[in-house]
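Shown next, in structure tokens, is the structure this report addresses.
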Amino acid sequence: MDIFIAKNITKTFAQHKALDRVDINVPEGSIFGLLGPNGAGKTTFIRIVNRILAPDEGELFFYGKPLSPSDIFKIGYLPEERGLYKKMKIGEQALYLAQLKGLSHQDALNKLRYWFTKFEIQGWWNRKVEELSKGMQQKVQFIVTIIHEPKLLIFDEPFSGFDPINVNLLKEEILELRKKGSTIIFSTHNMASVEELCDHIALINNARKILDGNVWEIKKTYKTNTYEVQFTRFDGDTRSFLPPAFEVLEQTTINEHFIARIRIPADAKPNDLIREMLPHVMIQSVNEIIPSMNDIFIRTVTSQNQDSSISSSETI
Amino acid sequence: MTVLGPLLMAAIVIVPVYIATMSNEVKTLSVIDETGFFFGKFKDSESIKFHYLVSDIASAKASFSKSGDYALLYIPKTELSLPTSAILYSKSQVNINVLSYIKTVMGKRVEELKLEAKLRDLKLPDDSKLTTDDILRSIKASVEINTIKIGNEGKEEKSYPEVSVILGLFSGILIYFFIFLFGSQVMRGVIEEKTNRIVEVIISSVKPFQLMMGKITGIGLVGLTQFLLWVVLTGAIVTFVTSSFSSKIKPGSATEQLIQSQAKGMTAMQLPNAADSTKVTGEQSKNEVIDAIESIDFPVMIGMFIFFFIFGYLMYAALFAAVGSAVDSEADTQQFMLPLTVPLIVAIVMAQYVLQEPQGPVAFWFSIIPLTSPVIMMVRIPFGVSYYQIILSMVLLVAGFLGATWLAAKIYRTGILMYGKKVSYKELWKWLMYRN
């Protein structure tokens, strides 16, 4: 079941189209990566989900029903541009923000105590925000984002500004939250974290969604049946014994070790490749080359940009 | 801005002058001079004509309320002393310039008369010890003019133009000060939330409009609390001082005072006893203070002040919030501040003009236009303003507040999410056009 559905969302600012007929389905319990280059429209989309902005066209559904104002209590949002009141005490401020999300005073207090202890910042309750390091402020922000145990969590570039230790802490917490039943949308440029965390993605470029789906399935469609084979005891070119359908893209030698990248026909299996090679060389490893999200990202974005530049030059 | 700036500046110069030229109606002031000393002494000017009546005061008063005359000056006959007091009847609070002109003319005339008398007395032996200084001091005349407002039903009421001037100016400046102080506090608050980047966290929970109004209301309540605290403390001090005065002197009614001032004129005539007369004057003025304070309609003043403070503040605070939302730092506010500060400064500059002519067209227009009305109306109210003008001004101010809030809300909700962009007026206009 999809926890959140956006249908045909369009948003225009003056002449600038920020989102153009975007459809996005977020499956419940998933970690959903919202990817795209700067200025693609990710933040606009997230603001629309949070009801900060209203779309010009299109519909939004939360748990199958049209998104309503009271749903914001079930959504947690950590914006990319985030901050706190500098002169206010941390505890008071966290309480205030938690109560804004519909928690009662006592409830908020209990939950904050739990999280402050967990993140080891309980000693800072009565300190002012300006006395805190940036990382510590981020922790407070993270806490107030999740304090009301929202069903849907939205993180806009959550890892920016964190040191590696805190990034790890955050990742663990995100996985933990998913285990507890939350669905997480996060937007990022950091492809490594996408590989690590996301199971679904949507790629937005130039206000349009150009790719979405399950990460594994996307990778499967983008893989090219290319294998990397390492072997020894050979001199010469692998092309000399492989059938022409098996295309050798590259071959390198490192101290008696040979590495070849070979693309096999679509109907062939890796076993066929091994069978062809076994009589000639000693195989050490065979790995399928699966495109990284980074590659897919760059490839789709640049090809789409080329397409659009071609089509726009045609119109001229 | 390069175009708008000079336009605004030119408007500041031209508009008041234009309105002022409209006010060139000539006022007629009737004079009943029972003493006969002042006949022909009051000179007509461009704005005021003196007209001498030969009738008794009762019938003059009766015909005055029906005539279009501006005021009626009554100089009662004195038996022993020179006339140093007069009564000025008017329908509305009298112009302070006119009052001081009458005082000057009468004072000069009395001094002349005294000097004549003195010179007559001086035909004495040459070994007299009187010096020039003594003579000058002895002829010094202070003229008392009691101003009395005649109401619609012929009800007479003593008025204190000086008190009105001070009170009007004071409350006008106070409003100006409060609006600036708390308005810019709202602006700084909005800028703080924006530069802190907390705003996006908060508006994912509340609507931008709620956040803006919350900020304005919160700071407004702080301002109001502060003001009420001032009122209570000032009231306490005034009551204390007044009661300590009252215990020393019997409170006198307006007519009693008139007699007293006549008596004072008498003592002033007995030249060598100058010291005595100053003592009387001292006690007299204490009594005046109490009367003057009692003449102020405090409930109306405070009520009006609170109304014009609240709505003037709300209107300006909304605009200040819009400015705050449009910029990234306080340094960038300059260009948008101008249209907000100009009306306020114009109002405070015009206040002096309004004080001289509290019922003139300048006073009327500036107390009706919402951007200047909070200040100017407060300046005018002590002089007495007709109900329809007050109500018109209030209605327009509320309308101005609603309009400003509507405008500000549109700018605000776009502005607070806009970073790193140099915003122009054209840009603001675009924001107004956004649907959401």
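Naming scheme: A, B, ... for chains in displayed order of the structure tokens; residues 1 onward per chain; ligands 1 onward as shown.
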
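Using only C-alpha atoms, the residues found no farther than 6 Å from segment 4-18 of chain A, other than those of its own chain fewer than 3 positions away, are A:Arg21, A:Val22, A:Asp23, A:Ile24, A:Asn25, A:Val26, A:Gly41, A:Pro55, A:Asp56, A:Glu57, A:Gly58, A:Glu59, A:Leu60, A:Phe61, A:Phe62, A:Ala207.
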
#### Entry: Filtered DSSP result for segment 1-71 of chain B, state helix (DSSP H, G or I), as a list in words
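So the helix (DSSP H, G or I) residues in segment 1-71 of chain B would be Leu4, Gly5, Pro6, Leu7, Leu8, Met9, Ala10, Ala11, Ile12, Val13, Ile14, Val15, Pro16, Val17, Tyr18, Ile19, Ala20, Thr21, Met22, Ile57, Ala58, Ser59, Ala60, Lys61, Ala62, Ser63, Phe64, Ser65 and Lys66 of chain B.
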
### Task
Give as a list in words every residue of chain B that touches chain A within 10 Å, counting only C-alpha atoms.
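So the contacting residues turn out to be Glu192, Glu193, Lys194, Thr195, Asn196, Arg197, Ile198, Val199, Glu200, Val201, Ile202, Ile203, Ser204, Ser205, Val206, Lys207, Pro208, Arg413, Thr414, Leu417, Tyr419, Glu427, Lys430, Trp431, Met433, Tyr434, Arg435 and Asn436 of chain B.
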
For the residues selected in the previous step, produce a file with N, CA and C atoms as a PDB file, in the first residue's frame.
```pdb
ATOM      1  N   GLU B 192      14.797  37.592  12.086  1.00  0.00           N
ATOM      2  CA  GLU B 192      15.506  36.600  12.893  1.00  0.00           C
ATOM      3  C   GLU B 192      15.026  35.194  12.546  1.00  0.00           C
ATOM      4  N   GLU B 193      13.716  35.028  12.487  1.00  0.00           N
ATOM      5  CA  GLU B 193      13.180  33.707  12.166  1.00  0.00           C
ATOM      6  C   GLU B 193      13.623  33.256  10.784  1.00  0.00           C
ATOM      7  N   LYS B 194      13.706  34.226   9.890  1.00  0.00           N
ATOM      8  CA  LYS B 194      14.078  33.867   8.526  1.00  0.00           C
ATOM      9  C   LYS B 194      15.555  33.499   8.446  1.00  0.00           C
ATOM     10  N   THR B 195      16.419  34.328   9.021  1.00  0.00           N
ATOM     11  CA  THR B 195      17.849  34.039   8.914  1.00  0.00           C
ATOM     12  C   THR B 195      18.229  32.828   9.758  1.00  0.00           C
ATOM     13  N   ASN B 196      17.503  32.605  10.835  1.00  0.00           N
ATOM     14  CA  ASN B 196      17.715  31.405  11.650  1.00  0.00           C
ATOM     15  C   ASN B 196      17.297  30.140  10.940  1.00  0.00           C
ATOM     16  N   ARG B 197      16.480  30.304   9.947  1.00  0.00           N
ATOM     17  CA  ARG B 197      15.918  29.176   9.205  1.00  0.00           C
ATOM     18  C   ARG B 197      15.001  28.326  10.066  1.00  0.00           C
ATOM     19  N   ILE B 198      14.466  28.913  11.116  1.00  0.00           N
ATOM     20  CA  ILE B 198      13.522  28.119  11.908  1.00  0.00           C
ATOM     21  C   ILE B 198      12.145  28.210  11.288  1.00  0.00           C
ATOM     22  N   VAL B 199      11.998  29.178  10.416  1.00  0.00           N
ATOM     23  CA  VAL B 199      10.665  29.482   9.910  1.00  0.00           C
ATOM     24  C   VAL B 199      10.059  28.290   9.173  1.00  0.00           C
ATOM     25  N   GLU B 200      10.900  27.563   8.456  1.00  0.00           N
ATOM     26  CA  GLU B 200      10.332  26.458   7.683  1.00  0.00           C
ATOM     27  C   GLU B 200       9.853  25.334   8.593  1.00  0.00           C
ATOM     28  N   VAL B 201      10.576  25.140   9.708  1.00  0.00           N
ATOM     29  CA  VAL B 201      10.138  24.129  10.672  1.00  0.00           C
ATOM     30  C   VAL B 201       8.766  24.511  11.209  1.00  0.00           C
ATOM     31  N   ILE B 202       8.622  25.798  11.532  1.00  0.00           N
ATOM     32  CA  ILE B 202       7.376  26.220  12.167  1.00  0.00           C
ATOM     33  C   ILE B 202       6.221  26.226  11.180  1.00  0.00           C
ATOM     34  N   ILE B 203       6.466  26.692   9.955  1.00  0.00           N
ATOM     35  CA  ILE B 203       5.324  26.738   9.045  1.00  0.00           C
ATOM     36  C   ILE B 203       4.984  25.378   8.472  1.00  0.00           C
ATOM     37  N   SER B 204       5.737  24.337   8.844  1.00  0.00           N
ATOM     38  CA  SER B 204       5.223  23.008   8.515  1.00  0.00           C
ATOM     39  C   SER B 204       4.173  22.611   9.550  1.00  0.00           C
ATOM     40  N   SER B 205       4.090  23.366  10.658  1.00  0.00           N
ATOM     41  CA  SER B 205       3.052  23.086  11.662  1.00  0.00           C
ATOM     42  C   SER B 205       1.932  24.118  11.659  1.00  0.00           C
ATOM     43  N   VAL B 206       2.257  25.378  11.418  1.00  0.00           N
ATOM     44  CA  VAL B 206       1.215  26.405  11.392  1.00  0.00           C
ATOM     45  C   VAL B 206       1.268  27.136  10.055  1.00  0.00           C
ATOM     46  N   LYS B 207       0.165  27.804   9.730  1.00  0.00           N
ATOM     47  CA  LYS B 207       0.141  28.553   8.477  1.00  0.00           C
ATOM     48  C   LYS B 207       0.996  29.814   8.605  1.00  0.00           C
ATOM     49  N   PRO B 208       1.604  30.250   7.506  1.00  0.00           N
ATOM     50  CA  PRO B 208       2.410  31.479   7.576  1.00  0.00           C
ATOM     51  C   PRO B 208       1.620  32.647   8.150  1.00  0.00           C
ATOM     52  N   ARG B 413       4.179  35.196   3.043  1.00  0.00           N
ATOM     53  CA  ARG B 413       4.234  33.747   2.847  1.00  0.00           C
ATOM     54  C   ARG B 413       5.210  33.368   1.730  1.00  0.00           C
ATOM     55  N   THR B 414       5.420  34.250   0.777  1.00  0.00           N
ATOM     56  CA  THR B 414       6.425  33.957  -0.248  1.00  0.00           C
ATOM     57  C   THR B 414       7.800  34.355   0.259  1.00  0.00           C
ATOM     58  N   LEU B 417      10.218  32.188   2.591  1.00  0.00           N
ATOM     59  CA  LEU B 417      10.857  30.990   2.060  1.00  0.00           C
ATOM     60  C   LEU B 417      11.878  31.330   0.979  1.00  0.00           C
ATOM     61  N   TYR B 419      15.335  32.815  -0.162  1.00  0.00           N
ATOM     62  CA  TYR B 419      16.648  33.172   0.362  1.00  0.00           C
ATOM     63  C   TYR B 419      17.568  33.640  -0.749  1.00  0.00           C
ATOM     64  N   GLU B 427       9.516  42.553  -7.869  1.00  0.00           N
ATOM     65  CA  GLU B 427       9.435  41.194  -7.340  1.00  0.00           C
ATOM     66  C   GLU B 427       8.279  41.080  -6.331  1.00  0.00           C
ATOM     67  N   LYS B 430       5.066  40.736  -7.963  1.00  0.00           N
ATOM     68  CA  LYS B 430       4.842  39.377  -8.452  1.00  0.00           C
ATOM     69  C   LYS B 430       4.329  38.481  -7.330  1.00  0.00           C
ATOM     70  N   TRP B 431       4.918  38.664  -6.157  1.00  0.00           N
ATOM     71  CA  TRP B 431       4.496  37.824  -5.029  1.00  0.00           C
ATOM     72  C   TRP B 431       3.032  38.059  -4.691  1.00  0.00           C
ATOM     73  N   MET B 433       0.825  38.575  -6.684  1.00  0.00           N
ATOM     74  CA  MET B 433      -0.011  37.946  -7.690  1.00  0.00           C
ATOM     75  C   MET B 433      -0.060  36.429  -7.543  1.00  0.00           C
ATOM     76  N   TYR B 434       0.879  35.858  -6.770  1.00  0.00           N
ATOM     77  CA  TYR B 434       0.869  34.396  -6.622  1.00  0.00           C
ATOM     78  C   TYR B 434      -0.432  33.951  -5.991  1.00  0.00           C
ATOM     79  N   ARG B 435      -0.855  32.816  -6.444  1.00  0.00           N
ATOM     80  CA  ARG B 435      -2.121  32.345  -5.885  1.00  0.00           C
ATOM     81  C   ARG B 435      -1.920  31.730  -4.505  1.00  0.00           C
ATOM     82  N   ASN B 436      -0.831  31.033  -4.304  1.00  0.00           N
ATOM     83  CA  ASN B 436      -0.616  30.441  -2.989  1.00  0.00           C
ATOM     84  C   ASN B 436       0.849  30.133  -2.734  1.00  0.00           C
TER      85      ASN B 436
END
```

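Take atom CA of Pro279 of chain A and atom CA of Phe241 of chain A: the distance between them is 9.6 Å.
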
### Task
Would you mind listing what lies within 10 Å of Met136 of chain A as number ranges by chain, with only C-alpha atoms counted and same-chain residues fewer than 5 positions away left out?
A: 119-121, 124, 129, 131, 141-142, 162, 166

### Query
Which neighbours of segment 1-15 of chain B fall inside 12 Å, counting only C-alpha atoms, when residues of the same chain fewer than 5 positions from it are skipped, and could you give them as JSON, numbers by chain?
{"B": [20, 21, 22, 334, 335, 336, 337, 338, 339, 340, 341, 342, 343, 344, 345, 346, 347, 348, 349, 350, 361, 362, 365, 366, 423, 424, 425, 426]}

Test item: residues at most 7 Å from Phe186 of chain A, only C-alpha atoms, excluding those fewer than 2 positions along its chain, as a PDB file with C-alpha atoms, in the first residue's frame:
```pdb
ATOM      1  CA  PHE A  32      12.104   6.720  -0.391  1.00  0.00           C
ATOM      2  CA  GLY A  33      14.882   8.724  -1.989  1.00  0.00           C
ATOM      3  CA  LEU A  34      13.940  11.904  -3.776  1.00  0.00           C
ATOM      4  CA  ILE A 154      10.579  13.890   5.399  1.00  0.00           C
ATOM      5  CA  PHE A 155      14.247  14.736   5.518  1.00  0.00           C
ATOM      6  CA  ASP A 156      15.611  17.316   3.147  1.00  0.00           C
ATOM      7  CA  GLU A 157      19.351  16.763   2.837  1.00  0.00           C
ATOM      8  CA  ILE A 184      10.754   8.010   5.232  1.00  0.00           C
ATOM      9  CA  THR A 188      19.709  14.135  -1.149  1.00  0.00           C
TER      10      THR A 188
END
```

### atom CA of Glu247 of chain A to atom CA of Ile289 of chain A, straight-line distance in Å
14.2 Å

Selection: 6 Å around segment 203-206 of chain A, only C-alpha atoms, excl. self and same-chain fewer than 4 positions, as a PDB file with N, CA and C atoms, in the first residue's frame:
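This went into out_18.pdb:
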```
ATOM      1  N   LEU A  35      15.544  12.203  -5.554  1.00  0.00           N
ATOM      2  CA  LEU A  35      16.825  12.633  -6.094  1.00  0.00           C
ATOM      3  C   LEU A  35      16.634  13.661  -7.191  1.00  0.00           C
ATOM      4  N   GLY A  36      17.702  14.362  -7.444  1.00  0.00           N
ATOM      5  CA  GLY A  36      17.644  15.329  -8.536  1.00  0.00           C
ATOM      6  C   GLY A  36      18.695  16.390  -8.339  1.00  0.00           C
ATOM      7  N   ALA A  40      15.981  21.282  -9.237  1.00  0.00           N
ATOM      8  CA  ALA A  40      15.116  20.418 -10.033  1.00  0.00           C
ATOM      9  C   ALA A  40      13.663  20.530  -9.611  1.00  0.00           C
ATOM     10  N   ILE A 210      11.722  11.886 -13.946  1.00  0.00           N
ATOM     11  CA  ILE A 210      12.195  11.159 -15.124  1.00  0.00           C
ATOM     12  C   ILE A 210      12.431   9.692 -14.829  1.00  0.00           C
ATOM     13  N   LEU A 211      12.386   9.321 -13.561  1.00  0.00           N
ATOM     14  CA  LEU A 211      12.649   7.925 -13.242  1.00  0.00           C
ATOM     15  C   LEU A 211      12.109   7.658 -11.851  1.00  0.00           C
TER      16      LEU A 211
END
```

### Query
Which value, in Å to one decimal, gives the distance between atom CA of Val165 of chain B and atom CA of Pro382 of chain B?
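Computing it gives 7.7 Å between the two atoms.
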
### Query
What's the 9 Å shell around Phe258 of chain A, counting only C-alpha atoms, without same-chain residues fewer than 3 positions away, as a PyMOL selection string?
chain A and resi 229-234+251-255

### Task
Rank B:Tyr18, B:Tyr74, B:Phe240, B:Tyr313 by their smallest atom-to-atom distance to Ile57 of chain B, using only C-alpha atoms, and report the top residue only.
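Using only C-alpha atoms, Ile57 of chain B sits closest to B:Tyr74.
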
### Query
With distances taken over only C-alpha atoms, which of B:Gln93, B:Thr333, B:Ser184, B:Gln210 is nearest to Ser159 of chain B?
B:Gln93

### Task
Between B:Gln389, B:Ser47, B:Ser373, B:Ser90, single out the one closest to Ser30 of chain B, counting only C-alpha atoms.
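Ranked by minimum distance to Ser30 of chain B, first place goes to B:Ser90.
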